[in-house]
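Undergrad: Got a structure for you, data-v3.cif, holding mmCIF, C-alpha atoms.
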```
data_my_file
#
loop_
_atom_site.label_atom_id
_atom_site.label_comp_id
_atom_site.auth_asym_id
_atom_site.auth_seq_id
_atom_site.Cartn_x
_atom_site.Cartn_y
_atom_site.Cartn_z
CA MET A 813 -5.09 -11.32 -29.74
CA THR A 814 -4.43 -8.16 -27.72
CA LYS A 815 -1.02 -8.25 -26.00
CA ILE A 816 -0.84 -6.78 -22.49
CA LEU A 817 2.23 -5.98 -20.38
CA PHE A 818 2.11 -5.24 -16.67
CA LEU A 819 5.12 -3.08 -15.77
CA SER A 820 5.88 -2.44 -12.09
CA VAL A 821 8.49 0.24 -11.44
CA MET A 822 8.39 -0.07 -7.65
CA ASN A 823 11.88 -0.78 -6.33
CA GLY A 824 11.84 0.62 -2.79
CA SER A 825 11.03 -2.71 -1.14
CA ALA A 826 10.63 -6.28 -2.30
CA TRP A 827 6.83 -6.23 -2.13
CA GLY A 828 4.01 -4.02 -0.92
CA GLY A 829 0.26 -3.55 -1.03
CA SER A 830 0.63 -1.51 -4.21
CA GLU A 831 1.85 -4.62 -6.05
CA GLU A 832 -1.25 -6.73 -5.42
CA LEU A 833 -3.45 -5.10 -8.08
CA TRP A 834 -1.22 -5.73 -11.09
CA TYR A 835 -0.05 -9.10 -9.76
CA GLN A 836 -3.51 -10.53 -9.15
CA SER A 837 -4.77 -9.02 -12.42
CA ALA A 838 -1.93 -10.61 -14.43
CA ILE A 839 -2.61 -14.03 -12.88
CA TRP A 840 -6.38 -13.68 -13.45
CA MET A 841 -5.91 -12.81 -17.13
CA ALA A 842 -3.21 -15.39 -17.85
CA ARG A 843 -5.30 -18.21 -16.38
CA ARG A 844 -8.11 -17.19 -18.74
CA GLN A 845 -5.85 -17.43 -21.79
CA TYR A 846 -5.20 -13.71 -22.30
CA ASP A 847 -1.81 -12.82 -23.79
CA VAL A 848 -0.19 -11.25 -20.71
CA ASP A 849 3.46 -10.63 -19.75
CA VAL A 850 5.10 -8.99 -16.75
CA CYS A 851 8.12 -6.72 -16.22
CA CYS A 852 9.22 -5.90 -12.68
CA PHE A 853 12.28 -5.72 -10.45
CA ASP A 854 13.83 -9.03 -9.42
CA SER A 855 14.11 -10.07 -5.78
CA ALA A 856 14.58 -13.37 -3.99
CA GLU A 857 11.71 -12.41 -1.68
CA LYS A 858 9.18 -12.48 -4.50
CA SER A 859 10.47 -15.56 -6.33
CA GLY A 860 7.37 -17.52 -5.32
CA ARG A 861 5.08 -14.96 -6.91
CA MET A 862 7.21 -14.88 -10.05
CA LYS A 863 6.99 -18.66 -10.32
CA GLU A 864 3.20 -18.46 -10.01
CA LEU A 865 3.09 -15.88 -12.83
CA GLU A 866 5.23 -18.11 -15.07
CA GLU A 867 3.10 -21.16 -14.32
CA ALA A 868 -0.01 -19.16 -15.26
CA GLY A 869 1.55 -18.44 -18.66
CA CYS A 870 3.21 -15.02 -18.30
CA GLN A 871 6.59 -14.28 -19.84
CA LEU A 872 8.74 -12.44 -17.30
CA PHE A 873 11.17 -9.59 -17.91
CA LEU A 874 13.04 -9.23 -14.60
CA LEU A 875 15.06 -6.08 -13.94
CA PRO A 876 18.09 -6.02 -11.60
CA GLY A 877 16.76 -4.98 -8.17
CA LYS A 878 17.96 -2.32 -5.77
CA GLU A 879 20.30 -4.60 -3.86
CA GLU A 880 22.17 -5.56 -7.03
CA THR A 881 22.35 -2.06 -8.52
CA LYS A 882 23.40 -0.53 -5.18
CA LYS A 883 26.37 -2.85 -4.87
CA GLN A 884 27.59 -2.20 -8.39
CA LEU A 885 26.81 1.54 -8.56
CA LEU A 886 27.60 2.72 -12.12
CA LEU A 887 27.73 -0.82 -13.50
CA GLY A 888 24.42 -1.53 -11.81
CA LYS A 889 22.80 1.48 -13.48
CA ILE A 890 24.15 0.36 -16.85
CA LYS A 891 22.75 -3.15 -16.26
CA LEU A 892 19.33 -1.73 -15.37
CA SER A 893 19.23 0.57 -18.41
CA LYS A 894 20.24 -2.35 -20.66
CA ALA A 895 17.57 -4.62 -19.16
CA VAL A 896 14.86 -1.98 -19.70
CA ALA A 897 16.06 -1.36 -23.27
CA GLU A 898 15.70 -5.09 -24.06
CA VAL A 899 12.01 -5.26 -23.07
CA PRO A 900 9.94 -5.15 -26.31
CA PHE A 901 7.46 -2.47 -25.15
CA GLU A 902 6.58 -1.64 -28.78
CA GLN A 903 5.04 -5.10 -29.25
CA TYR A 904 2.31 -4.59 -26.65
CA ASP A 905 -1.09 -3.11 -27.41
CA LYS A 906 -1.36 -1.77 -23.87
CA VAL A 907 1.06 -1.43 -20.95
CA ILE A 908 -0.22 -1.12 -17.37
CA VAL A 909 2.42 0.92 -15.52
CA ASN A 910 2.25 0.49 -11.74
CA GLN A 911 4.00 2.98 -9.45
CA GLY A 912 4.44 2.18 -5.75
CA GLY A 913 4.44 5.95 -5.24
CA TRP A 914 3.49 8.83 -7.51
CA LYS A 915 6.56 9.83 -9.54
CA ASP A 916 8.53 6.59 -9.90
CA VAL A 917 8.41 6.89 -13.70
CA THR A 918 10.50 10.07 -13.57
CA HIS A 919 13.55 8.15 -12.30
CA GLY A 920 16.33 6.21 -14.02
CA PRO A 921 15.67 4.45 -17.32
CA PHE A 922 11.88 4.99 -17.10
CA LYS A 923 11.94 8.77 -17.73
CA LYS A 924 11.07 8.71 -21.40
CA LEU A 925 9.81 5.18 -21.70
CA PHE A 926 6.33 6.39 -22.69
CA HIS A 927 7.73 7.09 -26.18
CA ARG A 928 8.08 3.31 -26.70
CA MET A 929 4.48 2.44 -25.76
CA LYS A 930 1.47 2.35 -28.11
CA GLU A 931 -0.93 2.91 -25.22
CA TYR A 932 -0.54 2.79 -21.46
CA VAL A 933 -2.37 3.26 -18.17
CA LEU A 934 -0.49 4.91 -15.29
CA ILE A 935 -1.24 3.96 -11.67
CA TYR A 936 -0.41 6.09 -8.61
CA HIS A 937 -0.42 4.64 -5.09
CA ASN A 938 0.72 7.55 -2.97
CA TYR A 939 1.52 11.24 -2.78
CA ASN A 940 3.80 13.53 -0.76
CA THR A 941 3.22 17.26 -1.07
CA ASN A 942 6.30 18.04 1.07
CA GLU A 943 8.77 16.41 -1.29
CA LYS A 944 11.05 18.61 -3.37
CA PHE A 945 10.17 18.30 -7.02
CA SER A 946 12.49 19.61 -9.74
CA LEU A 947 11.15 21.36 -12.82
CA ARG A 948 12.62 18.59 -14.96
CA LYS A 949 10.78 15.84 -13.06
CA PHE A 950 7.62 17.95 -13.06
CA SER A 951 7.81 18.17 -16.86
CA LEU A 952 8.43 14.42 -17.19
CA LEU A 953 5.52 13.45 -14.94
CA GLN A 954 3.20 15.83 -16.78
CA LYS A 955 4.19 14.23 -20.10
CA TRP A 956 3.59 10.75 -18.67
CA ALA A 957 0.18 11.80 -17.36
CA ASP A 958 -0.84 13.57 -20.59
CA LYS A 959 -0.08 10.58 -22.80
CA ALA A 960 -1.73 8.00 -20.50
CA SER A 961 -5.10 6.68 -21.65
CA LYS A 962 -6.04 6.70 -17.96
CA ASN A 963 -4.46 7.90 -14.73
CA LEU A 964 -5.63 5.73 -11.83
CA GLY A 965 -5.10 6.41 -8.13
CA ASP A 966 -5.90 4.85 -4.75
CA THR A 967 -7.82 8.00 -3.90
CA PRO A 968 -8.91 11.15 -5.80
CA LYS A 969 -6.96 13.06 -3.14
CA ILE A 970 -3.72 12.07 -4.92
CA PHE A 971 -4.62 14.12 -7.98
CA ARG A 972 -6.03 17.05 -6.01
CA ALA A 973 -2.87 17.17 -3.87
CA LEU A 974 -0.55 17.08 -6.90
CA GLU A 975 -2.47 19.87 -8.57
CA GLU A 976 -2.49 22.05 -5.44
CA ALA A 977 1.15 21.43 -4.49
CA TYR A 978 2.81 21.25 -7.91
CA SER A 979 0.22 22.59 -10.38
CA LEU A 980 0.23 19.21 -12.10
CA ASN A 981 -2.82 18.67 -14.26
CA ILE A 982 -3.65 14.96 -14.32
CA PRO A 983 -6.23 14.15 -17.05
CA ASN A 984 -8.45 11.07 -17.43
CA GLN A 985 -8.29 10.26 -13.72
CA GLU A 986 -10.23 7.53 -11.93
CA ASN A 987 -10.21 5.79 -8.56
CA ILE A 988 -9.06 2.17 -8.13
CA PHE A 989 -9.72 -0.46 -5.46
CA ASN A 990 -6.75 -2.60 -4.51
CA PRO A 991 -7.72 -6.25 -3.99
CA LEU A 992 -7.45 -7.88 -0.62
CA THR A 993 -4.72 -10.44 -0.03
CA PHE A 994 -7.17 -13.04 1.28
CA ASP A 995 -10.76 -14.14 0.71
CA VAL A 996 -13.33 -11.92 2.40
CA PRO A 997 -15.32 -13.75 5.10
CA PRO A 998 -19.04 -13.97 4.17
CA THR A 999 -20.00 -12.70 7.62
CA PRO A 1000 -18.11 -10.55 10.17
CA ALA A 1001 -15.12 -12.42 11.57
CA PRO A 1002 -15.65 -13.25 15.27
CA TYR A 1003 -14.11 -10.71 17.61
CA PRO A 1004 -11.26 -12.18 19.70
CA GLU A 1005 -11.68 -12.75 23.40
CA VAL A 1006 -9.76 -10.48 25.75
CA VAL A 1007 -7.38 -12.91 27.46
CA ASP A 1008 -6.34 -11.90 31.01
CA GLY A 1009 -7.82 -8.46 30.34
CA LYS A 1010 -5.13 -7.65 27.73
CA TYR A 1011 -6.08 -5.71 24.58
CA ILE A 1012 -4.05 -6.28 21.43
CA PHE A 1013 -3.24 -3.32 19.15
CA SER A 1014 -1.64 -4.08 15.77
CA VAL A 1015 0.18 -2.08 13.11
CA PHE A 1016 0.96 -3.54 9.67
CA ALA A 1017 3.40 -1.28 7.85
CA ALA A 1018 6.98 -0.98 6.63
CA LEU A 1019 9.35 0.05 9.41
CA ASP A 1020 9.92 3.48 7.90
CA ILE A 1021 9.25 6.31 10.33
CA GLU A 1022 9.33 9.03 7.65
CA ARG A 1023 6.20 7.51 6.12
CA LYS A 1024 4.67 5.22 8.74
CA ALA A 1025 5.35 7.15 12.00
CA GLN A 1026 5.78 4.16 14.34
CA ASP A 1027 8.15 6.28 16.43
CA VAL A 1028 5.43 8.85 17.11
CA LEU A 1029 2.98 6.11 18.08
CA ILE A 1030 5.46 4.60 20.55
CA LYS A 1031 6.01 8.01 22.18
CA ALA A 1032 2.25 8.49 22.44
CA LEU A 1033 1.97 5.20 24.33
CA ALA A 1034 4.85 6.07 26.66
CA GLY A 1035 2.66 8.35 28.80
CA SER A 1036 2.00 7.53 32.44
CA ALA A 1037 -1.68 6.67 31.87
CA TRP A 1038 -0.76 3.80 29.55
CA LYS A 1039 1.70 2.27 32.01
CA SER A 1040 -1.16 1.19 34.27
CA ARG A 1041 -3.24 -0.35 31.48
CA ASN A 1042 -3.25 -3.88 30.15
CA TRP A 1043 -2.36 -3.68 26.46
CA GLN A 1044 0.18 -4.85 23.93
CA LEU A 1045 1.20 -3.27 20.62
CA HIS A 1046 2.33 -5.61 17.84
CA LEU A 1047 4.38 -3.89 15.12
CA TYR A 1048 4.42 -6.08 12.00
CA GLY A 1049 6.69 -5.22 9.09
CA ALA A 1050 10.28 -4.97 7.92
CA GLY A 1051 12.35 -1.95 6.97
CA LYS A 1052 15.29 0.32 7.51
CA ASP A 1053 14.17 1.70 10.90
CA LYS A 1054 13.89 -1.56 12.82
CA GLU A 1055 16.93 -0.88 15.06
CA LEU A 1056 15.86 2.73 15.67
CA LEU A 1057 12.38 1.63 16.74
CA GLN A 1058 13.83 -1.04 19.02
CA LYS A 1059 16.00 1.64 20.62
CA ILE A 1060 12.98 3.93 21.21
CA ILE A 1061 11.05 1.03 22.76
CA LEU A 1062 13.93 0.33 25.17
CA GLU A 1063 14.38 4.02 26.00
CA HIS A 1064 10.77 4.20 27.14
CA GLN A 1065 10.97 0.79 28.88
CA LEU A 1066 8.10 -0.56 26.80
CA GLN A 1067 9.66 -3.85 25.73
CA ALA A 1068 6.97 -5.77 27.66
CA ASN A 1069 4.22 -3.89 25.83
CA ILE A 1070 5.56 -3.34 22.30
CA ILE A 1071 6.79 -6.18 20.12
CA LEU A 1072 8.56 -5.96 16.75
CA HIS A 1073 7.52 -9.06 14.82
CA GLY A 1074 8.88 -8.63 11.30
CA ASN A 1075 6.44 -9.44 8.52
CA ALA A 1076 3.43 -11.42 9.70
CA THR A 1077 3.78 -15.10 8.79
CA ASN A 1078 -0.03 -15.35 8.71
CA TYR A 1079 -1.31 -11.86 7.99
CA LYS A 1080 -5.03 -12.69 8.11
CA GLU A 1081 -4.63 -14.48 11.43
CA ALA A 1082 -2.66 -11.54 12.86
CA ILE A 1083 -5.57 -9.22 12.03
CA ARG A 1084 -8.02 -11.74 13.47
CA GLN A 1085 -6.15 -11.74 16.80
CA SER A 1086 -6.17 -7.92 16.98
CA HIS A 1087 -8.71 -5.96 19.01
CA LEU A 1088 -7.75 -2.64 17.40
CA VAL A 1089 -5.77 -1.97 14.20
CA LEU A 1090 -3.74 1.24 13.87
CA GLN A 1091 -2.64 3.01 10.68
CA VAL A 1092 -1.57 6.40 12.02
CA THR A 1093 0.88 7.49 9.34
CA HIS A 1094 2.41 10.61 7.79
CA ILE A 1095 2.12 9.46 4.17
CA ASP A 1096 -0.52 7.13 2.77
CA ALA A 1097 -3.15 7.11 0.04
CA MET A 1098 -5.39 4.12 0.79
CA PRO A 1099 -3.38 1.41 2.59
CA ILE A 1100 -4.50 -2.13 1.87
CA THR A 1101 -4.20 -2.87 5.61
CA VAL A 1102 -7.16 -0.60 6.33
CA MET A 1103 -9.34 -2.42 3.79
CA ASP A 1104 -8.18 -5.80 5.07
CA SER A 1105 -9.04 -4.77 8.64
CA LEU A 1106 -12.51 -3.57 7.62
CA ALA A 1107 -13.10 -6.86 5.82
CA MET A 1108 -12.04 -8.69 9.00
CA ALA A 1109 -14.52 -6.63 11.08
CA ARG A 1110 -12.03 -4.73 13.19
CA PRO A 1111 -12.20 -1.13 14.45
CA VAL A 1112 -9.38 1.02 13.06
CA VAL A 1113 -7.54 4.17 14.15
CA VAL A 1114 -6.12 6.17 11.23
CA SER A 1115 -4.53 9.53 10.51
CA ASN A 1116 -6.25 12.21 8.45
CA VAL A 1117 -4.38 11.44 5.24
CA GLY A 1118 -5.36 9.97 1.89
CA ASP A 1119 -8.72 8.25 1.61
CA MET A 1120 -8.64 6.72 5.10
CA PRO A 1121 -11.12 9.19 6.65
CA SER A 1122 -13.64 8.23 3.94
CA TRP A 1123 -13.73 4.69 5.34
CA ILE A 1124 -13.20 5.28 9.06
CA LYS A 1125 -15.96 7.19 10.86
CA THR A 1126 -15.26 8.49 14.36
CA ASN A 1127 -17.17 6.59 17.06
CA VAL A 1128 -18.77 4.40 14.37
CA ASN A 1129 -16.03 2.01 13.24
CA GLY A 1130 -12.91 3.72 14.57
CA TRP A 1131 -11.24 7.08 15.03
CA VAL A 1132 -9.33 9.61 12.93
CA VAL A 1133 -6.29 11.29 14.49
CA SER A 1134 -6.19 15.00 13.64
CA GLN A 1135 -2.37 15.29 13.62
CA VAL A 1136 0.44 12.77 13.73
CA THR A 1137 1.95 13.98 17.00
CA PRO A 1138 2.32 12.14 20.34
CA ALA A 1139 -0.24 14.46 21.98
CA ALA A 1140 -2.88 14.11 19.25
CA ILE A 1141 -2.42 10.33 18.98
CA ASN A 1142 -2.63 9.96 22.75
CA GLN A 1143 -5.82 12.04 22.86
CA THR A 1144 -7.46 9.87 20.19
CA LEU A 1145 -6.31 6.61 21.79
CA GLU A 1146 -7.77 7.83 25.10
CA GLN A 1147 -11.14 8.23 23.35
CA ALA A 1148 -10.78 4.77 21.86
CA TRP A 1149 -9.78 3.19 25.18
CA GLU A 1150 -12.85 4.62 26.91
CA GLN A 1151 -15.00 2.78 24.35
CA ARG A 1152 -13.07 -0.50 24.31
CA HIS A 1153 -16.17 -2.42 25.38
CA ASN A 1154 -17.79 -1.26 22.10
CA TRP A 1155 -14.92 -2.34 19.82
CA ALA A 1156 -16.60 -5.60 18.81
CA ALA A 1157 -19.76 -3.76 17.69
CA MET A 1158 -17.65 -1.15 15.90
CA GLY A 1159 -15.86 -3.97 14.08
CA LYS A 1160 -19.20 -5.16 12.71
CA GLU A 1161 -19.78 -1.61 11.44
CA SER A 1162 -16.41 -1.83 9.67
CA PHE A 1163 -17.58 -4.97 7.91
CA SER A 1164 -20.87 -3.31 6.88
CA ILE A 1165 -19.05 -0.24 5.49
CA PHE A 1166 -16.71 -2.51 3.54
CA GLN A 1167 -19.54 -4.57 2.07
CA ARG A 1168 -21.49 -1.48 0.99
CA ASN A 1169 -18.62 0.34 -0.69
CA PHE A 1170 -16.05 -2.16 -1.94
CA PRO A 1171 -16.48 -3.95 -5.31
CA VAL A 1172 -17.44 -7.61 -5.05
CA ASN A 1173 -14.69 -8.42 -7.57
CA PRO A 1174 -12.03 -5.66 -7.56
CA ILE A 1175 -9.92 -7.42 -10.22
CA GLU A 1176 -12.70 -7.52 -12.80
CA TYR A 1177 -13.67 -3.97 -11.81
CA PHE A 1178 -10.10 -2.83 -12.54
CA LEU A 1179 -9.76 -4.78 -15.78
CA ASN A 1180 -12.99 -3.23 -17.04
CA GLN A 1181 -11.64 0.20 -16.09
CA ILE A 1182 -8.55 -0.28 -18.24
CA ALA A 1183 -10.57 -1.88 -21.07
CA VAL A 1184 -8.58 -5.10 -21.54
CA LEU A 1185 -11.37 -7.67 -21.28
CA HIS A 1186 -13.08 -9.15 -24.34
#
```
Write the structure described by the file as structure tokens, please.
TA:
Amino acid sequence: MTKILFLSVMNGSAWGGSEELWYQSAIWMARRQYDVDVCCFDSAEKSGRMKELEEAGCQLFLLPGKEETKKQLLLGKIKLSKAVAEVPFEQYDKVIVNQGGWKDVTHGPFKKLFHRMKEYVLIYHNYNTNEKFSLRKFSLLQKWADKASKNLGDTPKIFRALEEAYSLNIPNQENIFNPLTFDVPPTPAPYPEVVDGKYIFSVFAALDIERKAQDVLIKALAGSAWKSRNWQLHLYGAGKDKELLQKIILEHQLQANIILHGNATNYKEAIRQSHLVLQVTHIDAMPITVMDSLAMARPVVVSNVGDMPSWIKTNVNGWVVSQVTPAAINQTLEQAWEQRHNWAAMGKESFSIFQRNFPVNPIEYFLNQIAVLH
């Protein structure tokens, strides 16, 4: 029987949308008696998911996570290198290498790991053309890409951007569809009532202003026009910039309007309660939140990055912000606010766009792409 290993090298946070594809695929295959194992970073926050993988039949190779290696510095790096060295990569017929970003494999003990793999697929979930990129890392990523049987990305824009910014030539490239984290309703989810005239805006993203730009959004909503309107912004997520964002909210006296929730305890229900979902970010490829919001029949405001403008059509099912600045965001939100009585109809358009363009079964679609089904 063909032996498959799912390797996730994402270590920036405990879990993210980029983890769902390999995780759900591993469970799907294991439950159907495929020979599937998993290697990823350990974290108490994902212990439930790891237990589910084990119960499905996967052997786990858990690597010491960021919190452990940070505390122990040099010893932590040695532990990580030793743990990677002990994974029997040579025994697997195919390894599915998942990156939370776009060059994770050029770091630490993963740099030359491709030499130990018979065949592998490399997945990219993001890109950043402003990041400094050394010649050494450029060479490593090119070698990884050249030897991969397929290079798969959230959006074709990843590969175009890497070629334009760094002259990286990524062969055998294809687009992937990340699975949703809940079952898609068969019909558009009912639009929530507007209670006491208050409109609910929601953002689902890590609290990381360098990538997710929540600080810019808050400043856009600090203008005088918004002070007289009945709205509330719910910021869901965890991350390093929580205290900074709380400070910005207080500085602009918006604590009655903007609420930091932490991660949503019921993510689907949080989307259901939203009148408008926002994903106005600096860096993104194709955030799972946008797909989830389309599936839940909600209008969405996005920035002009990644594949988001391919799914969000201005004045049809949302709006695209031209630049991630307070002025540009405010201008776009003004346009949206003027059409708030049409948001329910626009949400139905979101659902129609999703149904027309998203695979009925993204897991099987992906597993056929990487040629592991028999």
Undergrad: Figure out the distance between CA of Phe1163 (chain A) and CA of Ala1107 (chain A), please, to one decimal in Å.
TA: 5.3 Å
Undergrad: Applying the PyMOL selection byres ((chain A and resi 1141) around 10) to the file I just gave you, which residues come out? Please list them as a list in words.
TA: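 Written out, the selection comes to Val1028, Leu1029, Ile1030, Lys1031, Ala1032, Leu1033, Val1092, Val1113, Val1114, Ser1115, Val1132, Val1133, Ser1134, Gln1135, Val1136, Thr1137, Pro1138, Ala1139, Ala1140, Asn1142, Gln1143, Thr1144, Leu1145, Glu1146 and Gln1147 of chain A.
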Undergrad: I would like the residues chosen by the PyMOL selection byres ((chain A and resi 1172) around 12) on the shown file; could you give them as a list in words?
TA: Phe989, Asn990, Pro991, Leu992, Asp995, Val996, Pro998, Ala1107, Phe1166, Gln1167, Arg1168, Asn1169, Phe1170, Pro1171, Asn1173, Pro1174, Ile1175, Glu1176, Tyr1177 and Phe1178 of chain A
Undergrad: Within 12 Å of (-4.2, -5.4, 30.6) (file coordinates; only C-alpha atoms), which protein or nucleic acid residues are there? I'd like them as a list of chain:residue names.
TA: A:Val1006, A:Val1007, A:Asp1008, A:Gly1009, A:Lys1010, A:Tyr1011, A:Ile1012, A:Phe1013, A:Trp1038, A:Lys1039, A:Ser1040, A:Arg1041, A:Asn1042, A:Trp1043, A:Gln1044, A:Leu1045, A:Ala1068, A:Asn1069, A:Trp1149, A:Arg1152
Undergrad: Can you give me, as number ranges by chain, the residues this file yields under the PyMOL selection byres ((chain A and resi 1124) around 10)?
TA: A: 1102, 1106, 1111-1116, 1119-1123, 1125-1132, 1161-1162, 1165
Undergrad: For region 956-1056 of chain A versus region 921-938 of chain A, which residues have an atom no more than 6 Å away, and what is each residue's nearest atom pair and distance in Å rounded to one decimal, using only C-alpha atoms, chain-then-number order, as JSON lines?
TA:
```
{"residue": "A:Ala960", "atom": "CA", "partner": "A:Val933", "partner_atom": "CA", "distance": 5.3}
{"residue": "A:Ser961", "atom": "CA", "partner": "A:Val933", "partner_atom": "CA", "distance": 5.6}
{"residue": "A:Lys962", "atom": "CA", "partner": "A:Val933", "partner_atom": "CA", "distance": 5.0}
{"residue": "A:Asn963", "atom": "CA", "partner": "A:Leu934", "partner_atom": "CA", "distance": 5.0}
{"residue": "A:Leu964", "atom": "CA", "partner": "A:Ile935", "partner_atom": "CA", "distance": 4.7}
{"residue": "A:Gly965", "atom": "CA", "partner": "A:Tyr936", "partner_atom": "CA", "distance": 4.7}
{"residue": "A:Asp966", "atom": "CA", "partner": "A:His937", "partner_atom": "CA", "distance": 5.5}
```
Undergrad: Tell me, as a PyMOL selection string, which residues lie within 12 Å of Gly912 (chain A), counting all atoms listed in the file; anything in the same chain fewer than 5 positions away does not count.
TA: chain A and resi 819-834+852+917+934-939+965-966+1096-1099
Undergrad: How many Å separate CA of Ile1071 (chain A) from CA of Ala1037 (chain A)?
TA: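 CA of Ala1037 (chain A) lies 19.4 Å from CA of Ile1071 (chain A).
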Undergrad: So what do you get for CA of Ala895 (chain A) versus CA of Arg948 (chain A), distance-wise?
TA: 24.1 Å
Undergrad: Once you count only C-alpha atoms, what closest atom pair and distance in Å to one decimal does each residue of region 859-947 of chain A within 9 Å of region 972-982 of chain A have, with rows by chain and rising residue number, as a Markdown table?
TA:
```
| residue | atom | partner | partner_atom | distance |
| --- | --- | --- | --- | --- |
| A:Tyr939 | CA | A:Leu974 | CA | 7.4 |
| A:Asn940 | CA | A:Ala973 | CA | 8.2 |
| A:Thr941 | CA | A:Ala977 | CA | 5.8 |
| A:Asn942 | CA | A:Ala977 | CA | 8.3 |
| A:Phe945 | CA | A:Tyr978 | CA | 8.0 |
```
Undergrad: Using only C-alpha atoms, pick whichever of A:Leu1062, A:Ile1021, A:Met1103, A:Met813 has the shortest atom-to-atom distance to Ala1034 (chain A).
TA: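 The closest residue to Ala1034 (chain A) is A:Leu1062.
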Undergrad: Rank A:Lys1054, A:Lys815, A:Lys863, A:Arg1084 by their smallest atom-to-atom distance to Lys906 (chain A), using all atoms listed in the file, and report the top residue only.
TA: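 The closest residue to Lys906 (chain A) is A:Lys815.
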Undergrad: Neighbouring residues of Gly920 (chain A) were defined as those with any atom within 12 Å, considering all atoms listed in the file; residues of the same chain fewer than 5 positions away were excluded. Please report them as number ranges by chain.
TA: A: 821-823, 878, 881, 886, 888-894, 896-897, 915, 925, 949, 952
Undergrad: Convert the current residue selection to file output with C-alpha atoms, as a PDB file, keeping the file's coordinate frame.
TA:
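Just written: out-v6.pdb:
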```
ATOM      1  CA  VAL A 821       8.490   0.240 -11.440  1.00  0.00           C
ATOM      2  CA  MET A 822       8.390  -0.070  -7.650  1.00  0.00           C
ATOM      3  CA  ASN A 823      11.880  -0.780  -6.330  1.00  0.00           C
ATOM      4  CA  LYS A 878      17.960  -2.320  -5.770  1.00  0.00           C
ATOM      5  CA  THR A 881      22.350  -2.060  -8.520  1.00  0.00           C
ATOM      6  CA  LEU A 886      27.600   2.720 -12.120  1.00  0.00           C
ATOM      7  CA  GLY A 888      24.420  -1.530 -11.810  1.00  0.00           C
ATOM      8  CA  LYS A 889      22.800   1.480 -13.480  1.00  0.00           C
ATOM      9  CA  ILE A 890      24.150   0.360 -16.850  1.00  0.00           C
ATOM     10  CA  LYS A 891      22.750  -3.150 -16.260  1.00  0.00           C
ATOM     11  CA  LEU A 892      19.330  -1.730 -15.370  1.00  0.00           C
ATOM     12  CA  SER A 893      19.230   0.570 -18.410  1.00  0.00           C
ATOM     13  CA  LYS A 894      20.240  -2.350 -20.660  1.00  0.00           C
ATOM     14  CA  VAL A 896      14.860  -1.980 -19.700  1.00  0.00           C
ATOM     15  CA  ALA A 897      16.060  -1.360 -23.270  1.00  0.00           C
ATOM     16  CA  LYS A 915       6.560   9.830  -9.540  1.00  0.00           C
ATOM     17  CA  LEU A 925       9.810   5.180 -21.700  1.00  0.00           C
ATOM     18  CA  LYS A 949      10.780  15.840 -13.060  1.00  0.00           C
ATOM     19  CA  LEU A 952       8.430  14.420 -17.190  1.00  0.00           C
TER      20      LEU A 952
END
```
Undergrad: Around region 978-995 of chain A, with edges along x, y and z and 3 Å added on all six sides, what centre and edge lengths do you get, in Å to one decimal, as AutoDock Vina command-line options?
TA:
```
--center_x -4.0 --center_y 4.2 --center_z -8.1 --size_x 19.6 --size_y 42.7 --size_z 24.7
```
Undergrad: In terms of the shortest atom-to-atom distance over all atoms listed in the file, which of A:Ala957, A:Lys1080, A:Asp905, A:Ser1036 is closest to Gln1065 (chain A)?
TA: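 With all atoms listed in the file as the atom set, the closest residue is A:Ser1036.
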Undergrad: Using all atoms listed in the file for the distances, tell me which of A:Ala1025, A:Val1184, A:Met1108, A:Leu1088 is nearest to Asn1154 (chain A).
TA: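 Counting all atoms listed in the file, the residue closest to Asn1154 (chain A) is A:Leu1088.
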Undergrad: Using the partial input, fill out region 990-997 of chain A with N, CA and C atoms; write the result as a short mmCIF file (atom, residue, chain, number, x, y, z; two decimals), keeping the file's coordinate frame.
TA:
```cif
data_model
loop_
_atom_site.label_atom_id
_atom_site.label_comp_id
_atom_site.auth_asym_id
_atom_site.auth_seq_id
_atom_site.Cartn_x
_atom_site.Cartn_y
_atom_site.Cartn_z
N ASN A 990 -7.73 -1.52 -4.58
CA ASN A 990 -6.75 -2.60 -4.51
C ASN A 990 -7.38 -3.85 -3.93
N PRO A 991 -7.11 -5.02 -4.51
CA PRO A 991 -7.72 -6.25 -3.99
C PRO A 991 -7.15 -6.64 -2.64
N LEU A 992 -7.93 -7.35 -1.88
CA LEU A 992 -7.45 -7.88 -0.62
C LEU A 992 -6.47 -9.01 -0.89
N THR A 993 -5.70 -9.36 0.12
CA THR A 993 -4.72 -10.44 -0.03
C THR A 993 -5.26 -11.77 0.46
N PHE A 994 -6.54 -11.80 0.84
CA PHE A 994 -7.17 -13.04 1.28
C PHE A 994 -8.66 -12.97 0.93
N ASP A 995 -9.33 -14.10 1.00
CA ASP A 995 -10.76 -14.14 0.71
C ASP A 995 -11.54 -13.45 1.82
N VAL A 996 -12.52 -12.65 1.43
CA VAL A 996 -13.33 -11.92 2.40
C VAL A 996 -14.30 -12.88 3.08
N PRO A 997 -14.34 -12.89 4.42
CA PRO A 997 -15.32 -13.75 5.10
C PRO A 997 -16.75 -13.34 4.70
#
```
